[in-house]
Amino acid sequence: MSTTAATLGGELARIGLTVPTDQLEVLLTERVAAVAEQMHITERSARQYFDHDTLRTLARDLALIIKDEAPGADLLALPRTTAMPLATLGATIAALVEVTALGGADKDPDEPATAMALISTLGVLARDHDGDLPAVWVPEPLLMRAARLIENTADLVRQGCPLPPDVAEEVRPHLQKTLREDAAGLRALIPGTGRRSGSGLWAVPDDPS
């Protein structure tokens with residue numbers, strides 16, 4: 001199951017999505033059990049139906065679920081429609097640094113890299129910022145991607161993941177709370193989250209292959 005989850009994770013990464021491997025294992029376990037029940041076979045037999053083509057289809061299905069993140073799109077090329085207060089910008093960068101520190105290769109090797117890419121993008125957006133304005137204009141999908149990564153990391157902290165050597169264990173509850181608040185702050189900037197449907201800017205891009 002871990003190998004299959006890793007394969008699915010790779011397919012998701014190809015279209016710009018990062019999901020913790022342990023969450024993918026849970027998802028796949030549920031899907032295998034459902035297939036086994038429907039076909040009246042054992043779960044071991046059901047696993048043979050989860051070949052590479054099936055996993056690619058599943059990856060695209062998952063992408064559609066979170067299409068508001070504009071998976072696979074270049075964030076810098078999207079319209080900058082949301083005003084991000086400078087204080088929120090700073091808190092988000094700090095939270096994404098925690099994602100890179102706490103994600104860890106043992107959990108999901110792609111997640112820290114994705115967080116670093118978002119930090120870089122925020123840096124470019126801040127560079128383009130008009131100094132007379134109290135906020136930086138950013139694309140909504142950036143907020144969605146960052147919020148999900150930060151929430152994932154808050155879950156890792158709650159589940160007892162190792163903290164960096166310079167972080168005391170008693171800080172864990174505060175860190176988890178802060179990460180959740182940072183993610184909630186990002187989502188609060190997006191009016192009518194999840195309202196979009198159909199094709200267009202937010203649709204999943206064509207298969208890169």
# chains A, B, ... in the order shown; residues from 1 in each chain; ligands from 1

call {"tool": "select_by_dssp", "arguments": {"residues": "region 35-172 of chain A", "states": "helix (DSSP H, G or I)", "output": "ChimeraX atom specification"}}
result
/A:35-39,43-49,52-65,67-69,75-77,86-103,110-127,140-158,169-172

call {"tool": "closest_atom_pairs", "arguments": {"of": "region 125-149 of chain A", "to": "region 180-194 of chain A", "cutoff": "7 Å", "atoms": "only C-alpha atoms", "output": "JSON lines"}}
result
{"residue": "A:Glu140", "atom": "CA", "partner": "A:Ile190", "partner_atom": "CA", "distance": 6.8}
{"residue": "A:Leu143", "atom": "CA", "partner": "A:Leu186", "partner_atom": "CA", "distance": 5.8}
{"residue": "A:Met144", "atom": "CA", "partner": "A:Arg187", "partner_atom": "CA", "distance": 6.9}
{"residue": "A:Ala147", "atom": "CA", "partner": "A:Ala183", "partner_atom": "CA", "distance": 4.5}

call {"tool": "residues_around", "arguments": {"residues": "Arg145 (chain A)", "least_positions_apart": "4", "cutoff": "8 Å", "atoms": "only C-alpha atoms", "output": "ChimeraX atom specification"}}
result
/A:69,141,149

call {"tool": "closest_residue", "arguments": {"among": "A:Ala101, A:Thr4, A:Leu55, A:Leu12", "to": "Val26 (chain A)", "atoms": "only C-alpha atoms"}}
result
A:Thr4

call {"tool": "atom_distance", "arguments": {"atom1": "CA of Leu75 (chain A)", "atom2": "CA of Ile150 (chain A)"}}
result
17.8 Å

call {"tool": "atom_distance", "arguments": {"atom1": "CA of Gly123 (chain A)", "atom2": "CA of Val138 (chain A)"}}
result
11.0 Å
